[in-house]
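Chemist: Contents are mmCIF, C-alpha atoms; file name work06.cif:
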data_my_file
#
loop_
_atom_site.group_PDB
_atom_site.id
_atom_site.type_symbol
_atom_site.label_atom_id
_atom_site.label_comp_id
_atom_site.auth_asym_id
_atom_site.auth_seq_id
_atom_site.Cartn_x
_atom_site.Cartn_y
_atom_site.Cartn_z
ATOM 1 C CA MET A 1 89.968 103.954 130.697
ATOM 2 C CA ALA A 2 92.274 106.198 128.642
ATOM 3 C CA ALA A 3 92.747 105.573 124.930
ATOM 4 C CA ARG A 4 96.131 104.199 123.875
ATOM 5 C CA GLN A 5 98.463 106.748 122.390
ATOM 6 C CA LYS A 6 99.505 105.962 118.820
ATOM 7 C CA SER A 7 103.157 105.930 117.838
ATOM 8 C CA ARG A 8 104.745 109.004 116.298
ATOM 9 C CA LEU A 9 105.178 107.303 112.922
ATOM 10 C CA GLN A 10 101.594 106.034 112.823
ATOM 11 C CA GLU A 11 100.286 109.536 113.554
ATOM 12 C CA ARG A 12 102.471 110.931 110.775
ATOM 13 C CA TYR A 13 101.205 108.259 108.358
ATOM 14 C CA ASN A 14 97.554 109.021 109.141
ATOM 15 C CA LYS A 15 97.912 112.818 108.988
ATOM 16 C CA GLU A 16 100.502 113.465 106.250
ATOM 17 C CA ILE A 17 101.831 110.460 104.360
ATOM 18 C CA ARG A 18 98.491 108.897 103.463
ATOM 19 C CA THR A 19 97.051 111.944 101.692
ATOM 20 C CA ALA A 20 100.379 112.763 100.017
ATOM 21 C CA LEU A 21 100.622 109.197 98.672
ATOM 22 C CA LYS A 22 97.042 109.318 97.398
ATOM 23 C CA GLU A 23 97.818 112.416 95.346
ATOM 24 C CA ARG A 24 101.258 111.320 94.137
ATOM 25 C CA LEU A 25 100.124 107.805 93.115
ATOM 26 C CA GLU A 26 96.956 109.264 91.552
ATOM 27 C CA LEU A 27 94.598 106.967 93.451
ATOM 28 C CA SER A 28 90.872 107.635 93.416
ATOM 29 C CA ASN A 29 90.063 106.369 96.915
ATOM 30 C CA ILE A 30 91.930 106.883 100.214
ATOM 31 C CA MET A 31 91.405 103.166 100.959
ATOM 32 C CA GLN A 32 93.608 102.281 97.955
ATOM 33 C CA VAL A 33 96.626 103.942 99.543
ATOM 34 C CA PRO A 34 99.171 101.277 100.577
ATOM 35 C CA ARG A 35 99.952 100.785 104.252
ATOM 36 C CA LEU A 36 102.088 98.505 106.372
ATOM 37 C CA SER A 37 100.077 95.485 107.455
ATOM 38 C CA LYS A 38 102.698 93.626 109.519
ATOM 39 C CA LEU A 39 106.396 93.108 110.197
ATOM 40 C CA VAL A 40 107.845 89.633 110.672
ATOM 41 C CA ILE A 41 111.251 89.437 112.364
ATOM 42 C CA ASN A 42 112.939 86.051 111.999
ATOM 43 C CA ILE A 43 116.186 84.590 113.346
ATOM 44 C CA GLY A 44 117.282 81.243 111.946
ATOM 45 C CA VAL A 45 119.941 79.320 113.882
ATOM 46 C CA GLY A 46 119.805 76.168 111.752
ATOM 47 C CA ARG A 47 121.982 73.210 112.701
ATOM 48 C CA ASP A 48 123.428 74.875 115.801
ATOM 49 C CA ALA A 49 120.084 74.302 117.534
ATOM 50 C CA ILE A 50 120.501 70.519 117.130
ATOM 51 C CA ALA A 51 123.686 70.424 119.204
ATOM 52 C CA ASP A 52 122.664 73.009 121.812
ATOM 53 C CA SER A 53 119.088 73.896 122.754
ATOM 54 C CA LYS A 54 120.295 77.081 124.490
ATOM 55 C CA VAL A 55 121.001 78.602 121.068
ATOM 56 C CA ILE A 56 117.275 78.844 120.269
ATOM 57 C CA GLN A 57 116.568 80.249 123.723
ATOM 58 C CA SER A 58 119.252 82.884 123.153
ATOM 59 C CA ALA A 59 117.672 83.848 119.815
ATOM 60 C CA MET A 60 114.244 84.033 121.463
ATOM 61 C CA ASN A 61 115.592 86.234 124.267
ATOM 62 C CA THR A 62 117.217 88.520 121.708
ATOM 63 C CA LEU A 63 113.968 88.903 119.774
ATOM 64 C CA LYS A 64 112.071 89.588 122.989
ATOM 65 C CA GLU A 65 114.542 92.335 123.971
ATOM 66 C CA ILE A 66 114.412 93.973 120.545
ATOM 67 C CA THR A 67 110.643 93.824 119.976
ATOM 68 C CA GLY A 68 109.135 93.630 123.458
ATOM 69 C CA ARG A 69 106.983 90.681 122.305
ATOM 70 C CA GLN A 70 107.206 86.980 123.066
ATOM 71 C CA PRO A 71 108.642 85.129 120.034
ATOM 72 C CA VAL A 72 107.578 81.696 118.813
ATOM 73 C CA ARG A 73 109.865 78.867 117.766
ATOM 74 C CA THR A 74 110.055 77.938 114.118
ATOM 75 C CA VAL A 75 110.508 74.313 113.149
ATOM 76 C CA ALA A 76 111.830 72.512 110.088
ATOM 77 C CA ARG A 77 109.075 71.715 107.596
ATOM 78 C CA LYS A 78 110.894 68.779 106.042
ATOM 79 C CA SER A 79 113.807 66.489 106.767
ATOM 80 C CA ILE A 80 117.187 67.078 105.126
ATOM 81 C CA ALA A 81 119.639 64.255 105.716
ATOM 82 C CA GLY A 82 122.706 66.248 104.609
ATOM 83 C CA PHE A 83 122.079 68.779 107.365
ATOM 84 C CA LYS A 84 121.090 66.104 109.926
ATOM 85 C CA LEU A 85 117.752 67.854 110.164
ATOM 86 C CA ARG A 86 114.437 66.138 110.815
ATOM 87 C CA GLU A 87 110.957 67.471 110.288
ATOM 88 C CA GLY A 88 109.665 69.248 113.395
ATOM 89 C CA MET A 89 113.083 70.143 114.842
ATOM 90 C CA PRO A 90 113.337 73.729 116.154
ATOM 91 C CA ILE A 91 115.548 75.855 113.875
ATOM 92 C CA GLY A 92 114.762 79.472 114.776
ATOM 93 C CA ALA A 93 112.429 82.031 116.288
ATOM 94 C CA LYS A 94 110.130 84.718 114.914
ATOM 95 C CA VAL A 95 107.919 87.590 116.030
ATOM 96 C CA THR A 96 105.036 89.137 114.096
ATOM 97 C CA LEU A 97 104.304 92.780 114.855
ATOM 98 C CA ARG A 98 101.131 94.662 113.960
ATOM 99 C CA GLY A 99 99.605 98.021 114.878
ATOM 100 C CA ASP A 100 101.386 100.312 117.328
ATOM 101 C CA SER A 101 104.243 97.910 118.074
ATOM 102 C CA MET A 102 104.909 97.528 114.325
ATOM 103 C CA TYR A 103 105.216 101.299 113.822
ATOM 104 C CA GLU A 104 107.346 101.660 116.975
ATOM 105 C CA PHE A 105 109.759 98.962 115.781
ATOM 106 C CA PHE A 106 109.925 100.440 112.261
ATOM 107 C CA ASP A 107 110.705 103.858 113.719
ATOM 108 C CA LYS A 108 113.407 102.448 116.002
ATOM 109 C CA LEU A 109 114.948 100.476 113.123
ATOM 110 C CA VAL A 110 115.129 103.460 110.781
ATOM 111 C CA MET A 111 116.087 106.139 113.316
ATOM 112 C CA PHE A 112 118.525 104.277 115.611
ATOM 113 C CA ALA A 113 119.559 100.832 114.370
ATOM 114 C CA LEU A 114 120.312 101.246 110.647
ATOM 115 C CA PRO A 115 122.459 104.380 111.129
ATOM 116 C CA GLU A 116 124.660 102.261 113.455
ATOM 117 C CA VAL A 117 125.723 99.989 110.561
ATOM 118 C CA ARG A 118 129.311 100.691 109.596
ATOM 119 C CA ASP A 119 129.755 102.248 106.126
ATOM 120 C CA PHE A 120 125.977 102.397 105.696
ATOM 121 C CA ARG A 121 124.953 103.659 102.260
ATOM 122 C CA GLY A 122 121.298 102.689 102.305
ATOM 123 C CA VAL A 123 119.303 99.503 101.834
ATOM 124 C CA SER A 124 118.506 97.735 98.573
ATOM 125 C CA LYS A 125 115.513 98.918 96.539
ATOM 126 C CA LYS A 126 114.452 95.400 95.497
ATOM 127 C CA LEU A 127 110.994 94.217 96.511
ATOM 128 C CA ASP A 128 109.447 90.774 95.976
ATOM 129 C CA LYS A 129 107.071 91.657 93.089
ATOM 130 C CA ARG A 130 104.101 91.499 95.511
ATOM 131 C CA GLY A 131 104.690 94.732 97.401
ATOM 132 C CA ASN A 132 106.674 93.203 100.290
ATOM 133 C CA TYR A 133 110.220 94.069 101.313
ATOM 134 C CA ASN A 134 112.871 91.873 102.963
ATOM 135 C CA LEU A 135 115.782 93.296 104.905
ATOM 136 C CA GLY A 136 118.636 91.116 106.123
ATOM 137 C CA ILE A 137 120.695 92.204 109.114
ATOM 138 C CA LYS A 138 123.986 90.423 109.761
ATOM 139 C CA ASP A 139 124.735 91.713 113.237
ATOM 140 C CA TRP A 140 122.341 92.287 116.126
ATOM 141 C CA VAL A 141 124.486 94.821 117.996
ATOM 142 C CA ILE A 142 123.005 97.685 115.963
ATOM 143 C CA PHE A 143 119.967 97.580 118.264
ATOM 144 C CA PRO A 144 120.427 99.786 121.330
ATOM 145 C CA GLU A 145 118.731 97.289 123.704
ATOM 146 C CA LEU A 146 121.357 94.593 123.192
ATOM 147 C CA ASP A 147 124.684 94.292 124.972
ATOM 148 C CA TYR A 148 127.671 93.124 122.968
ATOM 149 C CA GLN A 149 129.041 89.878 124.399
ATOM 150 C CA VAL A 150 132.460 88.680 123.274
ATOM 151 C CA GLY A 151 132.468 85.074 122.116
ATOM 152 C CA LYS A 152 128.709 84.891 121.629
ATOM 153 C CA LYS A 153 127.871 83.869 118.068
ATOM 154 C CA SER A 154 125.605 86.268 116.222
ATOM 155 C CA TYR A 155 123.128 84.882 113.712
ATOM 156 C CA GLY A 156 121.524 86.772 110.882
ATOM 157 C CA MET A 157 118.126 88.350 111.203
ATOM 158 C CA ASN A 158 115.508 88.827 108.501
ATOM 159 C CA ILE A 159 112.820 91.501 108.677
ATOM 160 C CA THR A 160 109.896 91.235 106.251
ATOM 161 C CA PHE A 161 107.765 94.334 105.693
ATOM 162 C CA HIS A 162 104.310 93.282 104.473
ATOM 163 C CA THR A 163 102.325 96.033 102.760
ATOM 164 C CA THR A 164 98.789 96.113 101.386
ATOM 165 C CA SER A 165 100.135 97.139 97.970
ATOM 166 C CA GLN A 166 100.234 94.661 95.099
ATOM 167 C CA ASN A 167 102.580 96.963 93.205
ATOM 168 C CA ASP A 168 106.306 97.257 94.036
ATOM 169 C CA ASP A 169 106.465 100.915 93.022
ATOM 170 C CA HIS A 170 103.618 101.875 95.358
ATOM 171 C CA ALA A 171 105.141 99.859 98.213
ATOM 172 C CA ARG A 172 108.544 101.462 97.635
ATOM 173 C CA GLU A 173 106.965 104.931 97.782
ATOM 174 C CA LEU A 174 105.238 104.019 101.051
ATOM 175 C CA LEU A 175 108.445 102.739 102.636
ATOM 176 C CA LYS A 176 110.385 105.771 101.409
ATOM 177 C CA ASP A 177 107.803 108.134 102.925
ATOM 178 C CA LEU A 178 107.922 106.220 106.214
ATOM 179 C CA GLY A 179 111.687 106.840 106.314
ATOM 180 C CA MET A 180 113.306 103.710 104.862
ATOM 181 C CA PRO A 181 116.811 104.812 103.758
ATOM 182 C CA PHE A 182 117.015 103.311 100.253
ATOM 183 C CA ALA A 183 120.370 103.416 98.458
ATOM 184 C CA LYS A 184 120.746 106.124 95.838
#
Would you mind writing the file's structure down as structure tokens?

Modeler:
Amino acid sequence: MAARQKSRLQERYNKEIRTALKERLELSNIMQVPRLSKLVINIGVGRDAIADSKVIQSAMNTLKEITGRQPVRTVARKSIAGFKLREGMPIGAKVTLRGDSMYEFFDKLVMFALPEVRDFRGVSKKLDKRGNYNLGIKDWVIFPELDYQVGKKSYGMNITFHTTSQNDDHARELLKDLGMPFAK
């Protein structure tokens, strides 16, 4: 059985980025160098899922087309009367990517999807103080796999980049080296 071929970005990380980061961040051990551990892509449809169950299925199909993985439904953790939401009701879908598929998606996002955003000047440099980065995308049509359908409501998408770094500066350097287009 042939060994699986690693993604282009993962090969580049292992051969170039990792050693460059070790030197630049002045780390003593190669195992201290930050790396991506997982990507979580989430679509929340909220109250629209209460009225029409097809909305969640549409979000799940979208995630499956973009990532190539089967998404799972997310449910409300607590009831909120003002939103007519009860605990356990489906309100979205998410996919967690690791390994090769994570690097493939990251590469596709940076190389093809983000440059499609109109008037794109880069993404925010803010991280969550724990070395993780959140990116919100308003419109799905930036992904080449999706067809634009007139009249179909588009929901926002959140992508969370989890890194092994506990330091925002180290995580930012990692993401920058991987190709994340931060704003100047």

Chemist: Using only C-alpha atoms, find the one residue out of A:Glu104, A:Phe143, A:Ser165, A:Val95 that sits nearest to Glu116 (chain A).

Modeler: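 For Glu116 (chain A), the nearest of the given residues is A:Phe143.
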
Chemist: Can you work out which one of A:Pro144, A:Lys78, A:Gly136, A:Ser53 has the shortest atom-to-atom distance to Met111 (chain A), counting all atoms listed in the file?

Modeler: A:Pro144

Chemist: Considering all atoms listed in the file, tabulate each residue of region 114-166 of chain A that lies at most 6 Å from region 37-48 of chain A along with its nearest interatomic pair and the corresponding distance in Å to one decimal; arrange the rows by chain and ascending residue number and present them as JSON lines.

Modeler:
{"residue": "A:Met157", "atom": "CA", "partner": "A:Ile43", "partner_atom": "CA", "distance": 4.7}
{"residue": "A:Asn158", "atom": "CA", "partner": "A:Asn42", "partner_atom": "CA", "distance": 5.2}
{"residue": "A:Ile159", "atom": "CA", "partner": "A:Ile41", "partner_atom": "CA", "distance": 4.5}
{"residue": "A:Thr160", "atom": "CA", "partner": "A:Val40", "partner_atom": "CA", "distance": 5.1}
{"residue": "A:Phe161", "atom": "CA", "partner": "A:Leu39", "partner_atom": "CA", "distance": 4.9}
{"residue": "A:His162", "atom": "CA", "partner": "A:Lys38", "partner_atom": "CA", "distance": 5.3}
{"residue": "A:Thr163", "atom": "CA", "partner": "A:Ser37", "partner_atom": "CA", "distance": 5.2}

Chemist: Would you export the selected residues with C-alpha atoms as a CSV table (one decimal), keeping the file's coordinate frame, please?

Modeler:
chain,number,residue,atom,x,y,z
A,157,MET,CA,118.1,88.4,111.2
A,158,ASN,CA,115.5,88.8,108.5
A,159,ILE,CA,112.8,91.5,108.7
A,160,THR,CA,109.9,91.2,106.3
A,161,PHE,CA,107.8,94.3,105.7
A,162,HIS,CA,104.3,93.3,104.5
A,163,THR,CA,102.3,96.0,102.8

Chemist: Enter the distance from CA of Ala183 (chain A) to CA of Tyr133 (chain A), in Å, rounded to one decimal.

Modeler: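 Straight-line distance from CA of Ala183 (chain A) to CA of Tyr133 (chain A) works out to 14.1 Å.
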
Chemist: With distances taken over all atoms listed in the file, which of A:Lys176, A:Leu25, A:Arg18, A:Phe105 is nearest to Glu65 (chain A)?

Modeler: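 Of A:Lys176, A:Leu25, A:Arg18, A:Phe105, the one nearest Glu65 (chain A) is A:Phe105, counting all atoms listed in the file.
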
Chemist: Selection in question (the file shown): the PyMOL selection byres ((chain A and resi 180) around 10). Which residues does it include, as a VMD selection string?

Modeler: chain A and resid 106 to 107 109 to 111 114 122 to 123 125 172 to 179 181 to 183

Chemist: Mind pulling up the distance from CA of Ala93 (chain A) to CA of Leu63 (chain A)?

Modeler: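 A separation of 7.9 Å between them.
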
Chemist: Can you translate the PyMOL selection byres ((chain A and resi 21) around 12) into the concrete residues it hits in this file, as a VMD selection string?

Modeler: chain A and resid 13 to 20 22 to 35 169 to 178

Chemist: Using all atoms listed in the file, pick whichever of A:Ser7, A:Val75, A:Arg12, A:Leu36 has the shortest atom-to-atom distance to Arg98 (chain A).

Modeler: A:Leu36

Chemist: Which of these, A:Gly88, A:Gly156, A:Gly99, A:Pro71, has the shortest distance to Leu9 (chain A) once you count all atoms listed in the file?

Modeler: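 Closest candidate: A:Gly99.
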
Chemist: Calculate how many Å separate CA of Thr67 (chain A) from CA of Thr96 (chain A), rounding to one decimal.

Modeler: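 Between CA of Thr67 (chain A) and CA of Thr96 (chain A) the gap is 9.4 Å.
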
Chemist: Using the chain letters and numbering of this document, enumerate as JSON, numbers by chain the residues selected by the PyMOL selection byres ((chain A and resi 55-58) around 8).

Modeler: {"A": [45, 48, 49, 52, 53, 54, 59, 60, 61, 62, 73, 90, 91, 92, 93]}

Chemist: Would you write out those residues with C-alpha atoms, as a PDB file, in the coordinates of the input?

Modeler:
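Written out: out_26.pdb:
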ATOM      1  CA  VAL A  45     119.941  79.320 113.882  1.00  0.00           C
ATOM      2  CA  ASP A  48     123.428  74.875 115.801  1.00  0.00           C
ATOM      3  CA  ALA A  49     120.084  74.302 117.534  1.00  0.00           C
ATOM      4  CA  ASP A  52     122.664  73.009 121.812  1.00  0.00           C
ATOM      5  CA  SER A  53     119.088  73.896 122.754  1.00  0.00           C
ATOM      6  CA  LYS A  54     120.295  77.081 124.490  1.00  0.00           C
ATOM      7  CA  ALA A  59     117.672  83.848 119.815  1.00  0.00           C
ATOM      8  CA  MET A  60     114.244  84.033 121.463  1.00  0.00           C
ATOM      9  CA  ASN A  61     115.592  86.234 124.267  1.00  0.00           C
ATOM     10  CA  THR A  62     117.217  88.520 121.708  1.00  0.00           C
ATOM     11  CA  ARG A  73     109.865  78.867 117.766  1.00  0.00           C
ATOM     12  CA  PRO A  90     113.337  73.729 116.154  1.00  0.00           C
ATOM     13  CA  ILE A  91     115.548  75.855 113.875  1.00  0.00           C
ATOM     14  CA  GLY A  92     114.762  79.472 114.776  1.00  0.00           C
ATOM     15  CA  ALA A  93     112.429  82.031 116.288  1.00  0.00           C
TER      16      ALA A  93
END

Chemist: Within 8 Å of Lys129 (chain A), counting all atoms listed in the file, which residues show up once you throw out same-chain ones fewer than 3 positions away? Write them as a list in words, please.

Modeler: Asn132, Gln166, Asn167 and Asp168 of chain A

Chemist: Measuring between only C-alpha atoms, which one of A:Tyr103, A:Arg77, A:Thr164, A:Ala113 shows the shortest distance to Arg130 (chain A)?

Modeler: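 Smallest separation from Arg130 (chain A) among the options: A:Thr164.
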
Chemist: Near Leu85 (chain A), within 8 Å and counting all atoms listed in the file, which residues show up once chain neighbours fewer than 3 positions away are dropped, as a list in words?

Modeler: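 Near neighbours after the sequence-gap exclusion: Arg47, Ile50, Ala76, Ser79, Ile80, Ala81, Gly82 and Met89 of chain A.
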